[in-house]
$ cat upload_23.cif   # mmCIF, C-alpha atoms
data_entry
loop_
_atom_site.group_PDB
_atom_site.id
_atom_site.type_symbol
_atom_site.label_atom_id
_atom_site.label_comp_id
_atom_site.auth_asym_id
_atom_site.auth_seq_id
_atom_site.Cartn_x
_atom_site.Cartn_y
_atom_site.Cartn_z
ATOM 1 C CA MET V 1 0.000 0.000 0.000
ATOM 2 C CA ILE V 2 1.301 3.437 -0.934
ATOM 3 C CA ARG V 3 1.431 5.771 2.063
ATOM 4 C CA THR V 4 1.749 9.519 2.326
ATOM 5 C CA LYS V 5 5.082 11.170 3.079
ATOM 6 C CA VAL V 6 5.301 13.746 5.850
ATOM 7 C CA ASP V 7 6.829 16.974 4.550
ATOM 8 C CA THR V 8 9.793 17.609 6.866
ATOM 9 C CA LEU V 9 10.453 21.068 5.382
ATOM 10 C CA TRP V 10 6.987 22.397 6.260
ATOM 11 C CA PHE V 11 7.175 26.012 7.512
ATOM 12 C CA LYS V 12 10.933 25.720 8.132
ATOM 13 C CA ARG V 13 13.520 28.296 7.142
ATOM 14 C CA CYS V 14 15.339 27.527 3.925
ATOM 15 C CA CYS V 15 17.197 29.103 1.039
ATOM 16 C CA ALA V 16 15.813 28.293 -2.406
ATOM 17 C CA PHE V 17 15.349 30.025 -5.751
ATOM 18 C CA HIS V 18 12.422 29.393 -8.078
ATOM 19 C CA LEU V 19 10.752 30.638 -11.217
ATOM 20 C CA GLN V 20 7.005 30.543 -10.603
ATOM 21 C CA PHE V 21 3.634 31.614 -11.884
ATOM 22 C CA LEU V 22 1.695 33.366 -9.105
ATOM 23 C CA PRO V 23 -2.102 33.337 -9.575
ATOM 24 C CA ASP V 24 -3.953 36.651 -9.401
ATOM 25 C CA ARG V 25 -6.480 37.508 -6.687
ATOM 26 C CA GLU V 26 -9.456 36.037 -8.547
ATOM 27 C CA ALA V 27 -7.656 32.760 -9.204
ATOM 28 C CA LEU V 28 -6.489 32.565 -5.583
ATOM 29 C CA SER V 29 -10.073 32.984 -4.414
ATOM 30 C CA LYS V 30 -11.176 30.052 -6.588
ATOM 31 C CA LEU V 31 -8.281 27.907 -5.358
ATOM 32 C CA CYS V 32 -9.254 28.649 -1.759
ATOM 33 C CA VAL V 33 -12.815 27.516 -2.471
ATOM 34 C CA LEU V 34 -11.373 24.293 -3.866
ATOM 35 C CA GLN V 35 -9.206 23.863 -0.762
ATOM 36 C CA ASP V 36 -12.270 24.413 1.446
ATOM 37 C CA SER V 37 -14.162 21.722 -0.426
ATOM 38 C CA ILE V 38 -11.347 19.178 -0.153
ATOM 39 C CA GLU V 39 -10.714 19.946 3.510
ATOM 40 C CA ARG V 40 -14.407 19.584 4.307
ATOM 41 C CA ASP V 41 -14.741 16.180 2.650
ATOM 42 C CA SER V 42 -11.357 14.593 3.446
ATOM 43 C CA ALA V 43 -10.397 12.584 6.523
ATOM 44 C CA ALA V 44 -6.698 12.788 5.674
ATOM 45 C CA SER V 45 -4.164 14.621 7.857
ATOM 46 C CA LEU V 46 -3.651 17.693 5.699
ATOM 47 C CA SER V 47 -1.326 20.680 5.875
ATOM 48 C CA ARG V 48 -3.031 23.419 3.868
ATOM 49 C CA VAL V 49 -0.855 25.636 1.695
ATOM 50 C CA PRO V 50 -1.640 29.253 2.683
ATOM 51 C CA ALA V 51 -3.535 31.254 0.050
ATOM 52 C CA THR V 52 -0.695 33.740 -0.340
ATOM 53 C CA SER V 53 1.734 30.859 -0.937
ATOM 54 C CA LEU V 54 -0.155 29.100 -3.744
ATOM 55 C CA HIS V 55 1.888 28.933 -6.943
ATOM 56 C CA MET V 56 2.800 26.928 -10.013
ATOM 57 C CA THR V 57 6.502 26.191 -10.231
ATOM 58 C CA VAL V 58 7.959 26.638 -13.697
ATOM 59 C CA VAL V 59 11.415 25.485 -12.641
ATOM 60 C CA THR V 60 13.447 25.377 -9.425
ATOM 61 C CA LEU V 61 16.950 26.769 -9.805
ATOM 62 C CA VAL V 62 18.157 26.012 -6.257
ATOM 63 C CA ASN V 63 16.178 23.528 -4.167
ATOM 64 C CA ALA V 64 15.239 24.040 -0.507
ATOM 65 C CA ALA V 65 16.791 20.657 0.224
ATOM 66 C CA ALA V 66 20.581 21.010 0.100
ATOM 67 C CA GLN V 67 21.880 19.410 -3.085
ATOM 68 C CA PHE V 68 25.357 20.875 -3.581
ATOM 69 C CA GLY V 69 28.668 20.756 -1.783
ATOM 70 C CA ILE V 70 28.364 24.418 -0.838
ATOM 71 C CA PRO V 71 25.527 26.383 0.830
ATOM 72 C CA ASN V 72 22.642 27.414 -1.391
ATOM 73 C CA GLU V 73 23.406 31.076 -0.714
ATOM 74 C CA GLU V 74 26.870 30.598 -2.172
ATOM 75 C CA VAL V 75 25.488 28.787 -5.225
ATOM 76 C CA TRP V 76 23.300 31.801 -5.976
ATOM 77 C CA LYS V 77 26.083 34.263 -5.211
ATOM 78 C CA ARG V 78 28.245 32.591 -7.843
ATOM 79 C CA ASN V 79 25.559 32.013 -10.472
ATOM 80 C CA GLY V 80 22.500 34.125 -9.713
ATOM 81 C CA GLU V 81 23.279 37.093 -11.914
ATOM 82 C CA GLN V 82 24.038 34.963 -14.963
ATOM 83 C CA TRP V 83 21.071 32.654 -14.377
ATOM 84 C CA THR V 84 18.723 35.614 -13.987
ATOM 85 C CA GLU V 85 19.868 37.028 -17.326
ATOM 86 C CA ILE V 86 19.339 33.646 -19.017
ATOM 87 C CA VAL V 87 15.895 33.132 -17.503
ATOM 88 C CA GLU V 88 14.701 36.659 -18.313
ATOM 89 C CA ARG V 89 15.896 36.361 -21.924
ATOM 90 C CA LEU V 90 14.079 33.046 -22.401
ATOM 91 C CA ILE V 91 10.914 34.428 -20.819
ATOM 92 C CA ASP V 92 11.095 37.438 -23.126
ATOM 93 C CA GLU V 93 11.089 35.016 -26.073
ATOM 94 C CA THR V 94 8.052 33.116 -24.724
ATOM 95 C CA PRO V 95 4.497 34.311 -25.495
ATOM 96 C CA PRO V 96 1.797 34.495 -22.810
ATOM 97 C CA PHE V 97 -0.089 31.239 -22.323
ATOM 98 C CA ASP V 98 -3.249 29.866 -20.739
ATOM 99 C CA VAL V 99 -3.278 27.076 -18.177
ATOM 100 C CA HIS V 100 -6.515 25.119 -17.732
ATOM 101 C CA PHE V 101 -6.612 23.263 -14.424
ATOM 102 C CA HIS V 102 -9.090 20.426 -14.781
ATOM 103 C CA GLU V 103 -8.304 17.714 -12.236
ATOM 104 C CA VAL V 104 -7.484 17.295 -8.561
ATOM 105 C CA ALA V 105 -5.140 14.421 -7.748
ATOM 106 C CA ALA V 106 -3.282 12.973 -4.762
ATOM 107 C CA SER V 107 0.223 11.530 -4.670
ATOM 108 C CA GLU V 108 2.247 10.274 -1.734
ATOM 109 C CA ALA V 109 3.631 13.809 -1.397
ATOM 110 C CA ALA V 110 0.664 16.150 -1.888
ATOM 111 C CA ILE V 111 -2.842 16.941 -3.077
ATOM 112 C CA PHE V 112 -2.724 19.179 -6.123
ATOM 113 C CA VAL V 113 -4.726 20.575 -8.999
ATOM 114 C CA LYS V 114 -3.228 19.856 -12.397
ATOM 115 C CA ALA V 115 -3.459 20.908 -16.026
ATOM 116 C CA GLU V 116 -2.179 19.778 -19.382
ATOM 117 C CA GLU V 117 1.214 21.411 -19.824
ATOM 118 C CA PRO V 118 0.889 24.184 -22.451
ATOM 119 C CA ALA V 119 3.405 23.962 -25.297
ATOM 120 C CA GLU V 120 4.834 27.385 -24.401
ATOM 121 C CA LEU V 121 5.466 26.271 -20.813
ATOM 122 C CA HIS V 122 7.073 23.020 -21.948
ATOM 123 C CA ARG V 123 9.437 24.832 -24.324
ATOM 124 C CA LEU V 124 10.392 27.377 -21.655
ATOM 125 C CA ARG V 125 11.090 24.687 -19.065
ATOM 126 C CA SER V 126 13.206 22.722 -21.538
ATOM 127 C CA ALA V 127 15.154 25.798 -22.637
ATOM 128 C CA ILE V 128 15.979 26.780 -19.062
ATOM 129 C CA SER V 129 17.060 23.222 -18.205
ATOM 130 C CA GLN V 130 19.398 23.145 -21.196
ATOM 131 C CA ALA V 131 20.840 26.613 -20.538
ATOM 132 C CA ILE V 132 21.645 26.305 -16.812
ATOM 133 C CA CYS V 133 24.248 23.979 -15.334
ATOM 134 C CA PHE V 134 26.219 23.812 -12.070
ATOM 135 C CA GLU V 135 28.503 20.980 -10.929
ATOM 136 C CA GLN V 136 27.086 18.665 -13.636
ATOM 137 C CA TRP V 137 23.587 19.467 -12.348
ATOM 138 C CA ARG V 138 20.747 20.877 -14.399
ATOM 139 C CA PRO V 139 17.298 21.873 -13.120
ATOM 140 C CA THR V 140 14.616 19.232 -13.599
ATOM 141 C CA PRO V 141 11.221 20.920 -14.081
ATOM 142 C CA PRO V 142 7.963 19.325 -12.910
ATOM 143 C CA ARG V 143 6.538 16.922 -15.482
ATOM 144 C CA ILE V 144 3.091 18.503 -15.271
ATOM 145 C CA ALA V 145 1.545 21.914 -14.725
ATOM 146 C CA HIS V 146 0.195 21.889 -11.169
ATOM 147 C CA ILE V 147 -0.499 23.884 -8.029
ATOM 148 C CA THR V 148 -0.034 22.111 -4.691
ATOM 149 C CA LEU V 149 -3.016 22.622 -2.380
ATOM 150 C CA PHE V 150 -2.042 20.418 0.583
ATOM 151 C CA ARG V 151 0.893 18.494 1.990
ATOM 152 C CA PHE V 152 0.548 15.759 4.626
ATOM 153 C CA PHE V 153 1.480 15.807 8.307
ATOM 154 C CA ALA V 154 0.916 12.104 9.008
ATOM 155 C CA GLN V 155 1.943 8.879 7.308
ATOM 156 C CA GLU V 156 -1.199 7.094 6.182
ATOM 157 C CA PRO V 157 -2.691 5.590 3.025
ATOM 158 C CA VAL V 158 -2.852 8.034 0.118
ATOM 159 C CA PRO V 159 -6.374 9.480 0.339
ATOM 160 C CA ALA V 160 -9.074 9.475 -2.283
ATOM 161 C CA VAL V 161 -9.842 13.101 -3.131
ATOM 162 C CA SER V 162 -13.412 14.339 -2.906
ATOM 163 C CA PHE V 163 -14.420 17.898 -3.759
ATOM 164 C CA ASP V 164 -17.113 20.054 -5.292
ATOM 165 C CA ALA V 165 -16.802 19.423 -9.030
ATOM 166 C CA GLY V 166 -18.223 22.907 -9.649
ATOM 167 C CA CYS V 167 -14.814 24.328 -8.735
ATOM 168 C CA LEU V 168 -13.296 23.009 -11.968
ATOM 169 C CA PRO V 169 -12.250 23.544 -14.688
ATOM 170 C CA MET V 170 -10.286 26.659 -13.758
ATOM 171 C CA GLY V 171 -8.451 28.719 -16.387
ATOM 172 C CA MET V 172 -5.562 31.091 -15.712
ATOM 173 C CA ARG V 173 -3.657 33.428 -18.026
ATOM 174 C CA ALA V 174 0.110 33.674 -17.520
ATOM 175 C CA GLY V 175 1.311 37.067 -18.737
ATOM 176 C CA SER V 176 4.354 37.261 -16.496
ATOM 177 C CA LEU V 177 6.386 35.017 -14.211
ATOM 178 C CA THR V 178 8.147 35.609 -10.899
ATOM 179 C CA LEU V 179 11.752 34.835 -10.036
ATOM 180 C CA LEU V 180 11.991 34.652 -6.259
ATOM 181 C CA GLU V 181 14.062 33.652 -3.279
ATOM 182 C CA GLU V 182 12.250 31.475 -0.754
ATOM 183 C CA HIS V 183 13.096 31.979 2.944
ATOM 184 C CA VAL V 184 10.369 29.898 4.617
ATOM 185 C CA TYR V 185 8.909 26.815 2.936
ATOM 186 C CA PRO V 186 6.462 26.591 1.160
ATOM 187 C CA ASN V 187 6.607 30.126 -0.270
ATOM 188 C CA VAL V 188 5.589 31.517 3.134
ATOM 189 C CA ASP V 189 8.365 34.119 3.231
ATOM 190 C CA ILE V 190 9.760 35.148 -0.143
ATOM 191 C CA ASN V 191 11.812 37.902 -1.728
ATOM 192 C CA ILE V 192 10.771 38.726 -5.292
ATOM 193 C CA LEU V 193 13.876 39.196 -7.454
ATOM 194 C CA SER V 194 12.184 40.038 -10.754
ATOM 195 C CA GLU V 195 8.845 39.719 -12.558
ATOM 196 C CA PRO V 196 9.673 39.294 -16.246
ATOM 197 C CA VAL V 197 6.878 39.632 -18.785
ATOM 198 C CA LEU V 198 6.092 36.935 -21.351
ATOM 199 C CA ARG V 199 6.415 38.756 -24.683
ATOM 200 C CA GLY V 200 7.095 36.164 -27.389
ATOM 201 C CA LYS V 201 9.556 38.523 -29.084
ATOM 202 C CA SER V 202 11.306 35.815 -31.088
ATOM 203 C CA ALA V 203 7.997 34.816 -32.671
ATOM 204 C CA GLU V 204 7.481 38.375 -33.878
ATOM 205 C CA CYS V 205 10.909 38.791 -35.475
#

$ encode --input "upload_23.cif" --output "structure tokens"
Amino acid sequence: MIRTKVDTLWFKRCCAFHLQFLPDREALSKLCVLQDSIERDSAASLSRVPATSLHMTVVTLVNAAAQFGIPNEEVWKRNGEQWTEIVERLIDETPPFDVHFHEVAASEAAIFVKAEEPAELHRLRSAISQAICFEQWRPTPPRIAHITLFRFFAQEPVPAVSFDAGCLPMGMRAGSLTLLEEHVYPNVDINILSEPVLRGKSAEC
């Protein structure tokens, strides 16, 4: 039987760097309604992602879990300026895109709402992964477009997810992305580094 994994990073201090899509106020309100519905109908031990922390990760540049031989702060100190330039250039070449969240699913790690990955998002993720490298490491983007709604705070069988089907589908328009530094997981305390706009300039040339 597959069992849930307790998130040991939950609300702990960290140092991580991500490129994310942050939903607007209207989308956040709809996501909160969806969270309410799941929370009301689920018997699982859930840790609810705060409304202001909800996001879709495009790619993680430095993970909250230590993965290098030097501190994460030092990794960014050495590479952050160059990586920011690369990411902003690739975003500038990417047109705005729509994400249609249509399904709620549960894994051993989380309950999340997911969408088919738009072609523009897939190309951007791939381009960033190919352009950035450190100590033979390259960022590995999520395989789907998703927003995590809950983590788990107890080890138990992966729950079946029940919710008000009227909450979905849910469409969102990505016109810009956010490059940020995360200080408290998950996105509880962040420092926004830049908010590059999706322009699709290369397609217009």

$ atom_distance --input "upload_23.cif" --atom1 "atom CA of Met172 of chain V" --atom2 "atom CA of Ile38 of chain V"
20.4 Å

$ resolve_selection --input "upload_23.cif" --expression "the PyMOL selection byres ((chain V and resi 42-44) around 9)" --output "VMD selection string"
chain V and resid 37 to 41 45 to 46 152 154 156 to 163

$ write_last_selection --input "upload_23.cif" --atoms "C-alpha atoms" --output "compact mmCIF listing (two decimals), keeping the file's coordinate frame"
# COMPACT_ATOMS: atom_id res chain seq x y z
CA SER V 37 -14.16 21.72 -0.43
CA ILE V 38 -11.35 19.18 -0.15
CA GLU V 39 -10.71 19.95 3.51
CA ARG V 40 -14.41 19.58 4.31
CA ASP V 41 -14.74 16.18 2.65
CA SER V 45 -4.16 14.62 7.86
CA LEU V 46 -3.65 17.69 5.70
CA PHE V 152 0.55 15.76 4.63
CA ALA V 154 0.92 12.10 9.01
CA GLU V 156 -1.20 7.09 6.18
CA PRO V 157 -2.69 5.59 3.02
CA VAL V 158 -2.85 8.03 0.12
CA PRO V 159 -6.37 9.48 0.34
CA ALA V 160 -9.07 9.48 -2.28
CA VAL V 161 -9.84 13.10 -3.13
CA SER V 162 -13.41 14.34 -2.91
CA PHE V 163 -14.42 17.90 -3.76

$ resolve_selection --input "upload_23.cif" --expression "the PyMOL selection byres ((chain V and resi 8) around 12)" --output "PyMOL selection string"
chain V and resi 5-7+9-14+47+64-65+109+151-155+185-186

$ resolve_selection --input "upload_23.cif" --expression "the PyMOL selection byres ((chain V and resi 75) around 12)" --output "VMD selection string"
chain V and resid 15 to 17 61 to 63 66 to 74 76 to 83 133 to 135 137

$ atom_distance --input "upload_23.cif" --atom1 "atom CA of His122 of chain V" --atom2 "atom CA of Leu149 of chain V"
22.0 Å

$ closest_residue --input "upload_23.cif" --among "V:Gly166, V:Pro196, V:Pro141, V:Pro118" --to "His100 of chain V" --atoms "all atoms listed in the file"
V:Pro118

$ closest_residue --input "upload_23.cif" --among "V:Cys167, V:Glu85, V:Thr148, V:Ala27" --to "Ile132 of chain V" --atoms "all atoms listed in the file"
V:Glu85

$ residues_around --input "upload_23.cif" --residues "segment 188-193 of chain V" --least-positions-apart "3" --cutoff "9 Å" --atoms "only C-alpha atoms" --output "list of chain:residue names"
V:Phe11, V:Arg13, V:Val49, V:Pro50, V:Thr52, V:Ser53, V:Thr84, V:Thr178, V:Leu179, V:Leu180, V:Glu181, V:Glu182, V:His183, V:Val184, V:Tyr185

$ closest_residue --input "upload_23.cif" --among "V:Asp92, V:Asp98, V:Glu103, V:Asp36" --to "Ile147 of chain V" --atoms "only C-alpha atoms"
V:Glu103

$ atom_distance --input "upload_23.cif" --atom1 "atom CA of Arg199 of chain V" --atom2 "atom CA of Gln130 of chain V"
20.6 Å

$ closest_residue --input "upload_23.cif" --among "V:Leu19, V:Ala174, V:Val197, V:Val59" --to "Thr140 of chain V" --atoms "only C-alpha atoms"
V:Val59

$ closest_residue --input "upload_23.cif" --among "V:Leu124, V:Val87, V:Val113, V:Leu31" --to "His146 of chain V" --atoms "only C-alpha atoms"
V:Val113

$ axis_aligned_box --input "upload_23.cif" --around "segment 37-42 of chain V" --padding-each-side "3 Å" --output "lines of an AutoDock Vina configuration file"
center_x = -12.7
center_y = 18.2
center_z = 1.9
size_x = 10.0
size_y = 13.1
size_z = 10.7

$ closest_residue --input "upload_23.cif" --among "V:Gly171, V:Leu198, V:Thr57, V:Gln20" --to "Arg143 of chain V" --atoms "all atoms listed in the file"
V:Thr57

$ build_atoms --input "upload_23.cif" --residues "segment 69-89 of chain V" --atoms "N, CA and C atoms" --output "CSV table (one decimal), keeping the file's coordinate frame"
chain,number,residue,atom,x,y,z
V,69,GLY,N,27.6,20.8,-2.8
V,69,GLY,CA,28.7,20.8,-1.8
V,69,GLY,C,28.9,22.1,-1.1
V,70,ILE,N,28.2,23.1,-1.5
V,70,ILE,CA,28.4,24.4,-0.8
V,70,ILE,C,27.0,24.9,-0.5
V,71,PRO,N,26.9,25.9,0.5
V,71,PRO,CA,25.5,26.4,0.8
V,71,PRO,C,24.8,27.0,-0.4
V,72,ASN,N,23.5,26.9,-0.3
V,72,ASN,CA,22.6,27.4,-1.4
V,72,ASN,C,22.9,28.9,-1.6
V,73,GLU,N,23.1,29.6,-0.6
V,73,GLU,CA,23.4,31.1,-0.7
V,73,GLU,C,24.6,31.3,-1.6
V,74,GLU,N,25.6,30.5,-1.4
V,74,GLU,CA,26.9,30.6,-2.2
V,74,GLU,C,26.7,30.2,-3.6
V,75,VAL,N,25.8,29.2,-3.9
V,75,VAL,CA,25.5,28.8,-5.2
V,75,VAL,C,24.9,30.0,-6.0
V,76,TRP,N,23.9,30.7,-5.3
V,76,TRP,CA,23.3,31.8,-6.0
V,76,TRP,C,24.3,33.0,-6.1
V,77,LYS,N,25.1,33.2,-5.1
V,77,LYS,CA,26.1,34.3,-5.2
V,77,LYS,C,27.0,34.1,-6.4
V,78,ARG,N,27.4,32.9,-6.7
V,78,ARG,CA,28.2,32.6,-7.8
V,78,ARG,C,27.5,32.6,-9.2
V,79,ASN,N,26.2,32.2,-9.2
V,79,ASN,CA,25.6,32.0,-10.5
V,79,ASN,C,24.3,32.9,-10.7
V,80,GLY,N,23.8,33.5,-9.6
V,80,GLY,CA,22.5,34.1,-9.7
V,80,GLY,C,22.4,35.2,-10.8
V,81,GLU,N,23.4,36.0,-10.9
V,81,GLU,CA,23.3,37.1,-11.9
V,81,GLU,C,23.2,36.5,-13.3
V,82,GLN,N,24.0,35.6,-13.6
V,82,GLN,CA,24.0,35.0,-15.0
V,82,GLN,C,22.7,34.2,-15.2
V,83,TRP,N,22.3,33.4,-14.2
V,83,TRP,CA,21.1,32.7,-14.4
V,83,TRP,C,19.9,33.6,-14.6
V,84,THR,N,19.8,34.7,-13.8
V,84,THR,CA,18.7,35.6,-14.0
V,84,THR,C,18.7,36.2,-15.4
V,85,GLU,N,19.8,36.5,-16.0
V,85,GLU,CA,19.9,37.0,-17.3
V,85,GLU,C,19.4,36.0,-18.3
V,86,ILE,N,19.8,34.7,-18.1
V,86,ILE,CA,19.3,33.6,-19.0
V,86,ILE,C,17.8,33.5,-18.9
V,87,VAL,N,17.3,33.4,-17.7
V,87,VAL,CA,15.9,33.1,-17.5
V,87,VAL,C,15.1,34.3,-18.1
V,88,GLU,N,15.5,35.5,-17.8
V,88,GLU,CA,14.7,36.7,-18.3
V,88,GLU,C,14.7,36.7,-19.8
V,89,ARG,N,15.8,36.4,-20.5
V,89,ARG,CA,15.9,36.4,-21.9
V,89,ARG,C,15.0,35.3,-22.5
